[in-house]
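Below is one structure, written out as structure tokens; the observations come after it.
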Amino acid sequence: MPSLYQPWCRSDPYDARMANLAKARRSPRYRKPRPWRSKEESQMIRRFAILWFTCRDRNKPSARAWARQLCVSHTWLQKLVKRFTAMPAEMYEEMRRYGDPTLAQLTRAREYTREMRERGELRPTRKGKV
């Protein structure tokens, strides 16, 4: 499918990309991409990110180290922190509703993610593609 953006045209490339994306979404073959992990695991990671973000300990690990322990990218952790600072009421509501996360809950959520991946409900891992 050729791009709507032509180099000799003075239109904005962003507008052309958005028009192409809208055109692709209208296609009958389009389907939303499958998620990387289950909603339960995403929520647990978000809760651990809140725990890290609100920690005031002198020995608080760096964002990269914390993301590595959670097996997520540090950029996603930074994105969550940006969301927490933009909407702190949502963060505090989640803390109040669910409390502190535990490793047992994270393990259970990861097991559920593994089962969903085996059933084909999630994207395959990058290791599986090789």
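Ordered as shown in the structure tokens, chains take letters A, B, and onward, while each chain numbers its residues from 1 and ligands are numbered from 1 in the order shown.
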
Any idea what's packed within 10 Å of Trp52 (chain A), counting only C-alpha atoms, ignoring anything in its chain fewer than 6 positions away? Could you give it as a count of residues only?
-> 9

Near-Glu40 (chain A) list (12 Å; only C-alpha atoms; drop same-chain fewer than 4 positions) as a ChimeraX atom specification = /A:35-36,44-47,101,105-114,116

Which residues in chain A does DSSP call helix (DSSP H, G or I)? List them as a VMD selection string.
-> chain A and resid 13 to 26 39 to 54 63 to 70 74 to 86 88 to 98 103 to 118 126 to 129

Determine, counting only C-alpha atoms, which protein, DNA and RNA residues have an atom within 9 Å of an atom of region 82-90 of chain A; residues of the same chain fewer than 5 positions away are not included. Present the result as a compact mmCIF listing (two decimals) with C-alpha atoms, in the first residue's frame.
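The resulting file, out.txt, is shown below:
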# COMPACT_ATOMS: atom_id res chain seq x y z
CA ILE A 50 3.79 2.67 42.52
CA PHE A 53 7.82 5.50 42.98
CA LEU A 77 8.43 2.23 33.96
CA MET A 95 -2.92 1.98 46.45

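For the residues A:Ala49, A:Tyr98, A:Arg34, A:Asn20, ranking by smallest atom-to-atom distance to Ser73 (chain A) using only C-alpha atoms places A:Ala49 first.
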